[in-house]
$ cat data-v3.cif   # mmCIF, C-alpha atoms
data_run
#
loop_
_atom_site.label_atom_id
_atom_site.label_comp_id
_atom_site.auth_asym_id
_atom_site.auth_seq_id
_atom_site.Cartn_x
_atom_site.Cartn_y
_atom_site.Cartn_z
CA MET V 1465 123.02 107.62 98.11
CA GLU V 1466 126.65 106.67 98.81
CA ARG V 1467 127.03 109.95 100.70
CA LEU V 1468 124.01 109.16 102.92
CA LYS V 1469 125.30 105.63 103.38
CA SER V 1470 128.73 106.83 104.45
CA ILE V 1471 127.24 108.91 107.28
CA ILE V 1472 125.71 105.85 108.97
CA ARG V 1473 128.04 104.67 111.72
CA ASP V 1474 129.01 101.09 112.55
CA ILE V 1475 128.89 100.17 116.25
CA PRO V 1476 130.43 96.75 116.95
CA ASP V 1477 128.86 94.43 119.56
CA PHE V 1478 125.61 96.40 120.07
CA PRO V 1479 123.12 95.51 121.45
CA LYS V 1480 125.05 92.28 122.03
CA LYS V 1481 128.40 90.71 121.16
CA GLY V 1482 128.81 89.77 117.52
CA ILE V 1483 126.26 92.23 116.12
CA LEU V 1484 127.48 95.13 114.00
CA PHE V 1485 124.88 97.80 114.68
CA LYS V 1486 124.06 100.35 111.99
CA ASP V 1487 123.71 103.62 113.90
CA ILE V 1488 121.50 106.03 111.97
CA THR V 1489 121.62 108.79 114.60
CA THR V 1490 124.58 110.36 112.79
CA LEU V 1491 122.45 110.64 109.65
CA LEU V 1492 119.45 112.04 111.54
CA ALA V 1493 121.63 114.68 113.18
CA ASP V 1494 122.96 115.89 109.85
CA ALA V 1495 120.31 118.38 108.72
CA LYS V 1496 121.01 118.14 105.00
CA SER V 1497 121.14 114.34 105.00
CA TYR V 1498 117.96 114.04 107.03
CA GLN V 1499 116.07 116.38 104.72
CA THR V 1500 117.40 114.61 101.62
CA MET V 1501 116.38 111.26 103.01
CA ILE V 1502 112.78 112.35 103.75
CA ASP V 1503 112.57 114.01 100.32
CA LEU V 1504 113.78 110.87 98.56
CA LEU V 1505 111.45 108.58 100.49
CA SER V 1506 108.41 110.80 100.02
CA HIS V 1507 109.17 111.32 96.33
CA ARG V 1508 108.11 107.75 95.68
CA TYR V 1509 104.62 108.38 97.10
CA ILE V 1510 104.00 112.00 96.20
CA ASP V 1511 101.62 111.19 93.34
CA GLN V 1512 99.73 108.53 95.27
CA ARG V 1513 97.05 109.06 97.85
CA ILE V 1514 98.42 108.13 101.27
CA ASP V 1515 95.83 108.48 104.03
CA LYS V 1516 97.95 107.45 107.00
CA VAL V 1517 101.60 106.77 107.69
CA VAL V 1518 102.06 104.10 110.34
CA GLY V 1519 105.21 104.59 112.41
CA VAL V 1520 106.63 101.75 114.48
CA GLU V 1521 107.84 102.64 118.00
CA ALA V 1522 110.22 104.30 118.53
CA ARG V 1523 112.64 105.11 115.71
CA GLY V 1524 109.92 104.54 113.12
CA PHE V 1525 108.20 107.65 114.50
CA ILE V 1526 111.13 109.78 113.30
CA ILE V 1527 110.74 108.61 109.73
CA GLY V 1528 106.95 108.26 109.78
CA ALA V 1529 106.20 111.69 111.23
CA ALA V 1530 108.26 113.66 108.73
CA LEU V 1531 106.95 111.54 105.84
CA ALA V 1532 103.36 112.10 106.94
CA TYR V 1533 103.94 115.83 107.19
CA LYS V 1534 105.48 115.94 103.72
CA LEU V 1535 102.76 113.76 102.15
CA GLY V 1536 99.84 115.45 103.90
CA ALA V 1537 98.87 112.24 105.66
CA GLY V 1538 97.93 111.47 109.25
CA VAL V 1539 100.33 109.74 111.64
CA VAL V 1540 99.35 106.44 113.27
CA LEU V 1541 101.40 104.97 116.10
CA VAL V 1542 102.20 101.30 116.61
CA ARG V 1543 103.39 100.98 120.20
CA LYS V 1544 104.57 98.59 122.86
CA PRO V 1545 101.80 97.31 125.18
CA GLY V 1546 100.25 99.72 127.67
CA LYS V 1547 101.30 102.95 125.96
CA LEU V 1548 98.18 103.68 123.92
CA PRO V 1549 95.34 105.01 126.07
CA SER V 1550 92.24 104.03 124.12
CA GLU V 1551 90.93 100.66 122.88
CA THR V 1552 93.63 98.75 121.01
CA PHE V 1553 94.10 95.89 118.60
CA ARG V 1554 96.99 93.72 119.86
CA LYS V 1555 99.30 91.34 118.09
CA THR V 1556 101.85 89.00 119.64
CA TYR V 1557 104.51 87.71 117.27
CA ASP V 1558 107.56 85.46 117.45
CA LEU V 1559 111.09 86.75 117.81
CA GLU V 1560 114.31 84.75 117.53
CA TYR V 1561 114.06 84.17 121.29
CA GLY V 1562 110.59 84.64 122.80
CA THR V 1563 107.76 86.88 121.63
CA ASP V 1564 106.86 90.54 121.44
CA THR V 1565 103.53 92.36 121.41
CA LEU V 1566 102.42 95.49 119.58
CA GLU V 1567 99.31 97.61 119.83
CA ILE V 1568 97.42 100.00 117.58
CA HIS V 1569 94.28 102.00 118.36
CA THR V 1570 91.22 100.24 116.91
CA ASP V 1571 90.02 103.58 115.51
CA ALA V 1572 93.44 104.62 114.18
CA PHE V 1573 92.23 104.50 110.58
CA LYS V 1574 89.10 103.68 108.61
CA LYS V 1575 88.58 100.53 106.57
CA GLY V 1576 89.92 100.95 103.05
CA GLU V 1577 92.29 103.79 103.91
CA ARG V 1578 95.63 103.69 102.11
CA ILE V 1579 98.46 103.02 104.56
CA LEU V 1580 102.21 103.52 104.28
CA ILE V 1581 104.23 101.69 106.93
CA ALA V 1582 107.50 103.41 107.89
CA ASP V 1583 110.45 102.25 109.96
CA ASP V 1584 114.09 103.16 110.19
CA LEU V 1585 115.59 99.78 109.40
CA LEU V 1586 114.50 96.49 107.85
CA ALA V 1587 116.36 93.59 109.47
CA THR V 1588 114.65 90.18 109.78
CA GLY V 1589 111.27 91.78 109.10
CA GLY V 1590 109.54 90.21 112.10
CA THR V 1591 108.18 93.42 113.56
CA VAL V 1592 107.04 94.99 110.31
CA SER V 1593 105.48 91.73 109.17
CA ALA V 1594 103.37 91.81 112.36
CA VAL V 1595 102.40 95.40 111.61
CA VAL V 1596 101.39 94.43 108.06
CA ASP V 1597 99.13 91.73 109.51
CA MET V 1598 97.57 94.14 112.00
CA VAL V 1599 96.84 96.80 109.41
CA THR V 1600 95.43 94.22 106.98
CA GLU V 1601 93.24 92.56 109.62
CA MET V 1602 91.89 96.00 110.52
CA GLY V 1603 90.91 96.61 106.88
CA GLY V 1604 93.68 98.99 105.82
CA GLU V 1605 95.14 98.86 102.32
CA ILE V 1606 98.93 98.58 102.46
CA VAL V 1607 100.52 100.81 99.86
CA ASP V 1608 104.13 100.08 100.79
CA CYS V 1609 106.54 99.39 103.64
CA CYS V 1610 109.39 101.89 103.49
CA PHE V 1611 112.70 102.00 105.31
CA MET V 1612 115.73 104.22 105.55
CA VAL V 1613 118.04 101.22 105.69
CA GLU V 1614 117.72 97.57 104.66
CA LEU V 1615 120.06 94.82 105.83
CA GLU V 1616 119.69 92.75 102.68
CA PHE V 1617 121.60 89.71 103.96
CA LEU V 1618 118.81 89.08 106.51
CA ASN V 1619 116.17 88.67 103.78
CA GLY V 1620 113.49 90.51 105.80
CA ARG V 1621 111.88 91.59 102.53
CA LYS V 1622 110.70 88.02 101.91
CA ARG V 1623 108.38 88.19 104.91
CA LEU V 1624 106.67 91.35 103.60
CA PRO V 1625 104.10 91.79 100.78
CA GLU V 1626 105.80 91.24 97.41
CA GLY V 1627 106.54 94.41 95.50
CA LYS V 1628 105.57 96.57 98.46
CA VAL V 1629 108.94 97.11 100.09
CA PHE V 1630 111.19 100.09 99.50
CA SER V 1631 114.47 101.01 101.14
CA LEU V 1632 116.76 103.94 100.51
CA ILE V 1633 120.08 102.49 101.65
CA GLN V 1634 121.14 98.85 101.52
CA PHE V 1635 123.87 96.98 103.38
CA MET Z 1156 93.40 126.61 117.79
CA GLU Z 1157 90.02 125.67 119.26
CA ARG Z 1158 89.54 123.27 116.36
CA LEU Z 1159 92.88 121.55 117.08
CA LYS Z 1160 92.06 121.49 120.78
CA SER Z 1161 88.67 119.89 120.17
CA ILE Z 1162 90.29 116.95 118.35
CA ILE Z 1163 92.35 115.94 121.40
CA ARG Z 1164 90.54 113.17 123.23
CA ASP Z 1165 90.06 112.80 126.98
CA ILE Z 1166 90.76 109.32 128.40
CA PRO Z 1167 89.69 109.00 132.04
CA ASP Z 1168 91.81 106.97 134.49
CA PHE Z 1169 94.88 106.52 132.22
CA PRO Z 1170 97.61 105.59 132.97
CA LYS Z 1171 96.15 105.30 136.46
CA LYS Z 1172 92.90 106.03 138.29
CA GLY Z 1173 92.11 109.69 138.77
CA ILE Z 1174 94.18 110.97 135.85
CA LEU Z 1175 92.40 112.47 132.84
CA PHE Z 1176 94.78 111.68 129.99
CA LYS Z 1177 94.96 114.02 127.01
CA ASP Z 1178 95.19 111.67 124.03
CA ILE Z 1179 96.86 113.44 121.10
CA THR Z 1180 96.77 110.42 118.78
CA THR Z 1181 93.46 111.63 117.36
CA LEU Z 1182 95.12 114.89 116.38
CA LEU Z 1183 98.17 113.16 114.89
CA ALA Z 1184 95.94 110.89 112.80
CA ASP Z 1185 94.05 113.83 111.32
CA ALA Z 1186 96.23 114.83 108.36
CA LYS Z 1187 95.12 118.44 108.17
CA SER Z 1188 95.39 119.04 111.92
CA TYR Z 1189 98.82 117.44 112.10
CA GLN Z 1190 100.13 119.54 109.22
CA THR Z 1191 98.62 122.72 110.68
CA MET Z 1192 100.18 121.98 114.04
CA ILE Z 1193 103.68 121.49 112.61
CA ASP Z 1194 103.29 124.62 110.47
CA LEU Z 1195 102.20 126.71 113.46
CA LEU Z 1196 105.01 125.41 115.69
CA SER Z 1197 107.69 125.87 113.06
CA HIS Z 1198 106.44 129.32 112.12
CA ARG Z 1199 107.78 130.64 115.40
CA TYR Z 1200 111.34 129.53 114.53
CA ILE Z 1201 111.42 129.91 110.77
CA ASP Z 1202 113.49 133.11 110.86
CA GLN Z 1203 115.88 131.84 113.51
CA ARG Z 1204 118.79 129.52 113.02
CA ILE Z 1205 117.99 126.16 114.59
CA ASP Z 1206 120.87 123.68 114.29
CA LYS Z 1207 119.27 120.69 116.00
CA VAL Z 1208 115.84 119.71 117.23
CA VAL Z 1209 116.03 117.47 120.29
CA GLY Z 1210 113.14 115.01 120.50
CA VAL Z 1211 112.32 113.27 123.76
CA GLU Z 1212 111.46 109.54 123.54
CA ALA Z 1213 109.00 108.50 122.29
CA ARG Z 1214 106.16 110.88 121.39
CA GLY Z 1215 108.58 113.81 121.24
CA PHE Z 1216 110.10 112.15 118.17
CA ILE Z 1217 106.84 112.69 116.29
CA ILE Z 1218 106.89 116.43 116.88
CA GLY Z 1219 110.67 116.84 116.75
CA ALA Z 1220 111.21 114.97 113.49
CA ALA Z 1221 108.65 116.89 111.46
CA LEU Z 1222 109.80 120.21 112.97
CA ALA Z 1223 113.42 119.43 112.13
CA TYR Z 1224 112.46 118.53 108.57
CA LYS Z 1225 110.50 121.75 108.15
CA LEU Z 1226 113.21 123.93 109.74
CA GLY Z 1227 116.13 122.29 107.94
CA ALA Z 1228 117.67 121.17 111.22
CA GLY Z 1229 119.15 117.86 112.36
CA VAL Z 1230 117.28 115.52 114.71
CA VAL Z 1231 118.82 114.54 118.04
CA LEU Z 1232 117.32 111.76 120.16
CA VAL Z 1233 117.00 111.73 123.93
CA ARG Z 1234 116.32 108.13 124.90
CA LYS Z 1235 115.75 105.76 127.77
CA PRO Z 1236 118.92 104.01 129.00
CA GLY Z 1237 120.50 101.36 126.78
CA LYS Z 1238 118.90 102.41 123.52
CA LEU Z 1239 121.63 104.65 122.10
CA PRO Z 1240 124.55 102.63 120.73
CA SER Z 1241 127.47 105.05 121.03
CA GLU Z 1242 128.98 106.92 123.99
CA THR Z 1243 126.29 108.77 125.96
CA PHE Z 1244 125.84 111.52 128.49
CA ARG Z 1245 123.38 110.32 131.16
CA LYS Z 1246 121.14 112.17 133.55
CA THR Z 1247 119.08 110.72 136.38
CA TYR Z 1248 116.29 112.95 137.66
CA ASP Z 1249 113.55 112.79 140.27
CA LEU Z 1250 109.98 111.85 139.52
CA GLU Z 1251 106.99 112.07 141.84
CA TYR Z 1252 107.78 108.49 142.88
CA GLY Z 1253 111.35 107.31 142.22
CA THR Z 1254 113.75 108.43 139.50
CA ASP Z 1255 114.22 108.15 135.78
CA THR Z 1256 117.28 108.27 133.54
CA LEU Z 1257 117.78 109.71 130.08
CA GLU Z 1258 120.67 109.47 127.63
CA ILE Z 1259 121.97 111.52 124.73
CA HIS Z 1260 124.94 110.78 122.48
CA THR Z 1261 127.97 112.82 123.60
CA ASP Z 1262 128.59 113.80 119.97
CA ALA Z 1263 124.94 114.58 119.20
CA PHE Z 1264 125.70 118.27 118.66
CA LYS Z 1265 128.63 120.68 118.79
CA LYS Z 1266 129.23 123.22 121.53
CA GLY Z 1267 127.41 126.46 120.80
CA GLU Z 1268 124.85 124.92 118.44
CA ARG Z 1269 121.35 126.32 118.71
CA ILE Z 1270 118.95 123.72 120.07
CA LEU Z 1271 115.16 123.50 120.01
CA ILE Z 1272 113.72 120.95 122.45
CA ALA Z 1273 110.43 119.39 121.31
CA ASP Z 1274 107.92 117.21 123.11
CA ASP Z 1275 104.26 116.45 122.72
CA LEU Z 1276 103.04 117.56 126.12
CA LEU Z 1277 104.29 119.73 128.99
CA ALA Z 1278 102.97 118.38 132.30
CA THR Z 1279 105.07 118.80 135.47
CA GLY Z 1280 108.14 119.59 133.37
CA GLY Z 1281 110.40 117.08 135.11
CA THR Z 1282 111.58 115.31 131.99
CA VAL Z 1283 112.11 118.38 129.85
CA SER Z 1284 113.86 120.16 132.70
CA ALA Z 1285 116.34 117.26 132.79
CA VAL Z 1286 116.80 117.55 129.03
CA VAL Z 1287 117.45 121.29 129.36
CA ASP Z 1288 120.16 120.53 131.93
CA MET Z 1289 121.75 117.88 129.71
CA VAL Z 1290 121.84 120.11 126.64
CA THR Z 1291 123.21 123.04 128.65
CA GLU Z 1292 125.90 120.95 130.38
CA MET Z 1293 126.97 119.69 126.95
CA GLY Z 1294 127.39 123.27 125.72
CA GLY Z 1295 124.27 123.62 123.60
CA GLU Z 1296 122.39 126.92 123.43
CA ILE Z 1297 118.70 126.42 124.19
CA VAL Z 1298 116.55 128.45 121.83
CA ASP Z 1299 113.21 127.24 123.15
CA CYS Z 1300 111.27 124.28 124.54
CA CYS Z 1301 108.16 123.73 122.42
CA PHE Z 1302 105.12 121.56 122.99
CA MET Z 1303 101.92 120.66 121.24
CA VAL Z 1304 100.00 120.72 124.50
CA GLU Z 1305 100.58 122.34 127.89
CA LEU Z 1306 98.72 121.35 131.06
CA GLU Z 1307 98.91 124.80 132.61
CA PHE Z 1308 97.54 123.81 136.01
CA LEU Z 1309 100.68 121.71 136.62
CA ASN Z 1310 102.98 124.75 136.31
CA GLY Z 1311 105.67 122.80 134.44
CA ARG Z 1312 106.71 126.00 132.71
CA LYS Z 1313 108.19 127.29 135.99
CA ARG Z 1314 110.85 124.58 135.93
CA LEU Z 1315 112.02 125.56 132.45
CA PRO Z 1316 114.13 128.55 131.30
CA GLU Z 1317 112.09 131.74 131.57
CA GLY Z 1318 110.77 133.06 128.27
CA LYS Z 1319 111.87 129.92 126.45
CA VAL Z 1320 108.70 127.85 126.58
CA PHE Z 1321 106.08 127.73 123.86
CA SER Z 1322 102.95 125.61 123.61
CA LEU Z 1323 100.29 125.54 120.94
CA ILE Z 1324 97.33 124.27 122.95
CA GLN Z 1325 96.65 124.84 126.64
CA PHE Z 1326 94.43 122.99 129.07
#
$ encode --input "data-v3.cif" --output "structure tokens"
Amino acid sequence: MERLKSIIRDIPDFPKKGILFKDITTLLADAKSYQTMIDLLSHRYIDQRIDKVVGVEARGFIIGAALAYKLGAGVVLVRKPGKLPSETFRKTYDLEYGTDTLEIHTDAFKKGERILIADDLLATGGTVSAVVDMVTEMGGEIVDCCFMVELEFLNGRKRLPEGKVFSLIQF
Amino acid sequence: MERLKSIIRDIPDFPKKGILFKDITTLLADAKSYQTMIDLLSHRYIDQRIDKVVGVEARGFIIGAALAYKLGAGVVLVRKPGKLPSETFRKTYDLEYGTDTLEIHTDAFKKGERILIADDLLATGGTVSAVVDMVTEMGGEIVDCCFMVELEFLNGRKRLPEGKVFSLIQF
């Protein structure tokens, strides 16, 4: 895991001054690291039934799609408003400054289906917590929320269902 | 292929009146269809060396990530401006109305690496044609541009390198 961790690049002052951004694109571009990461993440769920992997726009798609392929699950997209063409369930949630809105197709999964939520990075947990609410309100059963990277000092995990959070790399 | 094709849903008047949108989310959500699609796409490249799969934001990530995983290649992201944290190569290209800009990290791949470009749908080809130019100008060798779906009546294929376009499903 230290090898994977060492490939992630620090970008100072992105997206704004004072933030040290963890750039995972260097890990994604490294074929062996990318494959190892998907194998390690999926290993945790390989003996469980996962019906759908929910990927959060846009970097969550990169993790969610490969995980779904590996686990034999369907891919469900959570997107910014106006991107999904059919009837959607919408959720507006609070950010540090202002709000954000996410959408999911109302027929994206059936009630009772077992859902794995995937994103690249767990920071404050605001976005994924909104996704958890959406999936739950729509009748999905959350198996886990999984992440490539977790910024532990931001305590995002506390906003997510207890015991249902997994990350591969921690900072 | 007819079975995969039949799962794609028609949405009239999206994103604007008069357009019949091909909604692939129904295919992505169907575990068996999604897996079959990735297997069929990757089958074409399995005996070739692919160093990087370039996914085009955002739906291209869903195809590109799973293909890269299956082919043992790295994933490279082409994104809208301001999303990539490190130094980027930018390209502005013409749309039907106005222009659009895409970015790729300047160190996303090495000169001479073999690149597969992946996107969900080939329409007029404007976006992918810009991506082809970017990859070529940066010294990458284009192996192919591959798509889940091709809207043949829009002739997008003509704007892409001859003999280097592959689609699974045609409308």
$ closest_atom_pairs --input "data-v3.cif" --of "chain V" --to "chain Z" --cutoff "8 Å" --atoms "only C-alpha atoms" --output "tab-separated table"
residue	atom	partner	partner_atom	distance
V:Ile1475	CA	Z:Pro1240	CA	6.7
V:Phe1478	CA	Z:Pro1240	CA	6.4
V:Pro1479	CA	Z:Pro1240	CA	7.3
V:Phe1485	CA	Z:Pro1240	CA	7.7
V:Asp1487	CA	Z:Pro1240	CA	7.0
V:Thr1489	CA	Z:Val1231	CA	7.3
V:Thr1490	CA	Z:Ala1263	CA	7.7
V:Leu1492	CA	Z:Val1230	CA	5.2
V:Ala1493	CA	Z:Gly1229	CA	4.1
V:Asp1494	CA	Z:Gly1229	CA	5.0
V:Ala1495	CA	Z:Gly1229	CA	3.9
V:Lys1496	CA	Z:Gly1227	CA	7.0
V:Tyr1498	CA	Z:Gly1229	CA	6.7
V:Gln1499	CA	Z:Tyr1224	CA	5.7
V:Ile1502	CA	Z:Tyr1224	CA	7.8
V:Asp1515	CA	Z:Ala1186	CA	7.7
V:Lys1516	CA	Z:Ala1184	CA	7.0
V:Glu1521	CA	Z:Ala1213	CA	7.4
V:Ala1522	CA	Z:Ala1213	CA	5.8
V:Arg1523	CA	Z:Phe1216	CA	7.9
V:Phe1525	CA	Z:Ile1217	CA	5.5
V:Ile1526	CA	Z:Ala1220	CA	5.2
V:Ile1527	CA	Z:Ala1220	CA	7.4
V:Gly1528	CA	Z:Ile1217	CA	7.9
V:Ala1529	CA	Z:Ile1217	CA	5.2
V:Ala1530	CA	Z:Ala1221	CA	4.2
V:Leu1531	CA	Z:Ala1221	CA	7.9
V:Ala1532	CA	Z:Ala1186	CA	7.8
V:Tyr1533	CA	Z:Gln1190	CA	5.7
V:Gly1536	CA	Z:Ala1186	CA	5.8
V:Ala1537	CA	Z:Ala1186	CA	4.6
V:Gly1538	CA	Z:Ala1186	CA	3.9
V:Val1539	CA	Z:Ala1184	CA	4.7
V:Val1540	CA	Z:Ala1184	CA	5.6
V:Leu1541	CA	Z:Thr1180	CA	7.6
V:Pro1549	CA	Z:Phe1169	CA	6.3
V:Ser1550	CA	Z:Ile1166	CA	7.0
V:Ala1572	CA	Z:Ala1184	CA	6.9
V:Phe1573	CA	Z:Ala1184	CA	7.7
$ atom_distance --input "data-v3.cif" --atom1 "atom CA of Z:Gly1294" --atom2 "atom CA of Z:Leu1276"
25.0 Å
$ residues_around --input "data-v3.cif" --residues "Z:Thr1279" --least-positions-apart "3" --cutoff "8 Å" --atoms "all atoms listed in the file" --output "list in words"
Leu1309, Asn1310, Gly1311 and Arg1312 of chain Z
$ residues_near_point --input "data-v3.cif" --point "(110.4, 124.0, 127.1)" --cutoff "12 Å" --atoms "only C-alpha atoms" --output "PyMOL selection string"
chain Z and resi 1209-1211+1215+1270-1288+1297-1305+1310-1323
$ atom_distance --input "data-v3.cif" --atom1 "atom CA of Z:Leu1257" --atom2 "atom CA of Z:Leu1175"
25.7 Å
$ atom_distance --input "data-v3.cif" --atom1 "atom CA of Z:Tyr1200" --atom2 "atom CA of Z:Phe1308"
26.2 Å
$ resolve_selection --input "data-v3.cif" --expression "the PyMOL selection byres ((chain Z and resi 1255) around 10)" --output "tab-separated table (two decimals) with C-alpha atoms, in the frame of the given file"
chain	number	residue	atom	x	y	z
Z	1235	LYS	CA	115.75	105.76	127.77
Z	1236	PRO	CA	118.92	104.01	129.00
Z	1246	LYS	CA	121.14	112.17	133.55
Z	1247	THR	CA	119.08	110.72	136.38
Z	1248	TYR	CA	116.29	112.95	137.66
Z	1249	ASP	CA	113.55	112.79	140.27
Z	1250	LEU	CA	109.98	111.85	139.52
Z	1252	TYR	CA	107.78	108.49	142.88
Z	1253	GLY	CA	111.35	107.31	142.22
Z	1254	THR	CA	113.75	108.43	139.50
Z	1256	THR	CA	117.28	108.27	133.54
Z	1257	LEU	CA	117.78	109.71	130.08
Z	1281	GLY	CA	110.40	117.08	135.11
Z	1282	THR	CA	111.58	115.31	131.99
Z	1285	ALA	CA	116.34	117.26	132.79
$ axis_aligned_box --input "data-v3.cif" --around "stretch 1259-1269 of chain Z" --padding-each-side "5 Å" --output "JSON"
{"center_x": 125.3, "center_y": 118.6, "center_z": 121.6, "size_x": 17.9, "size_y": 25.7, "size_z": 16.3}
$ build_atoms --input "data-v3.cif" --residues "stretch 1549-1561 of chain V" --atoms "N, CA and C atoms" --output "mmCIF file, keeping the file's coordinate frame"
data_model
loop_
_atom_site.group_PDB
_atom_site.id
_atom_site.type_symbol
_atom_site.label_atom_id
_atom_site.label_comp_id
_atom_site.auth_asym_id
_atom_site.auth_seq_id
_atom_site.Cartn_x
_atom_site.Cartn_y
_atom_site.Cartn_z
ATOM 1 N N PRO V 1549 96.351 104.870 125.025
ATOM 2 C CA PRO V 1549 95.340 105.010 126.070
ATOM 3 C C PRO V 1549 93.949 104.499 125.732
ATOM 4 N N SER V 1550 93.607 104.423 124.466
ATOM 5 C CA SER V 1550 92.240 104.030 124.120
ATOM 6 C C SER V 1550 92.205 102.543 123.730
ATOM 7 N N GLU V 1551 91.081 102.085 123.215
ATOM 8 C CA GLU V 1551 90.930 100.660 122.880
ATOM 9 C C GLU V 1551 91.913 100.262 121.782
ATOM 10 N N THR V 1552 92.609 99.132 121.992
ATOM 11 C CA THR V 1552 93.630 98.750 121.010
ATOM 12 C C THR V 1552 93.371 97.372 120.408
ATOM 13 N N PHE V 1553 93.971 97.189 119.238
ATOM 14 C CA PHE V 1553 94.100 95.890 118.600
ATOM 15 C C PHE V 1553 95.527 95.423 118.900
ATOM 16 N N ARG V 1554 95.687 94.215 119.430
ATOM 17 C CA ARG V 1554 96.990 93.720 119.860
ATOM 18 C C ARG V 1554 97.455 92.581 118.981
ATOM 19 N N LYS V 1555 98.745 92.479 118.820
ATOM 20 C CA LYS V 1555 99.300 91.340 118.090
ATOM 21 C C LYS V 1555 100.575 90.874 118.781
ATOM 22 N N THR V 1556 100.628 89.593 119.083
ATOM 23 C CA THR V 1556 101.850 89.000 119.640
ATOM 24 C C THR V 1556 102.514 88.207 118.528
ATOM 25 N N TYR V 1557 103.806 88.380 118.368
ATOM 26 C CA TYR V 1557 104.510 87.710 117.270
ATOM 27 C C TYR V 1557 105.825 87.133 117.778
ATOM 28 N N ASP V 1558 106.340 86.166 117.025
ATOM 29 C CA ASP V 1558 107.560 85.460 117.450
ATOM 30 C C ASP V 1558 108.821 86.245 117.104
ATOM 31 N N LEU V 1559 109.748 86.233 118.042
ATOM 32 C CA LEU V 1559 111.090 86.750 117.810
ATOM 33 C C LEU V 1559 112.044 85.558 117.766
ATOM 34 N N GLU V 1560 113.312 85.823 117.521
ATOM 35 C CA GLU V 1560 114.310 84.750 117.530
ATOM 36 C C GLU V 1560 114.250 84.003 118.858
ATOM 37 N N TYR V 1561 114.228 84.760 119.948
ATOM 38 C CA TYR V 1561 114.060 84.170 121.290
ATOM 39 C C TYR V 1561 112.853 84.841 121.920
#
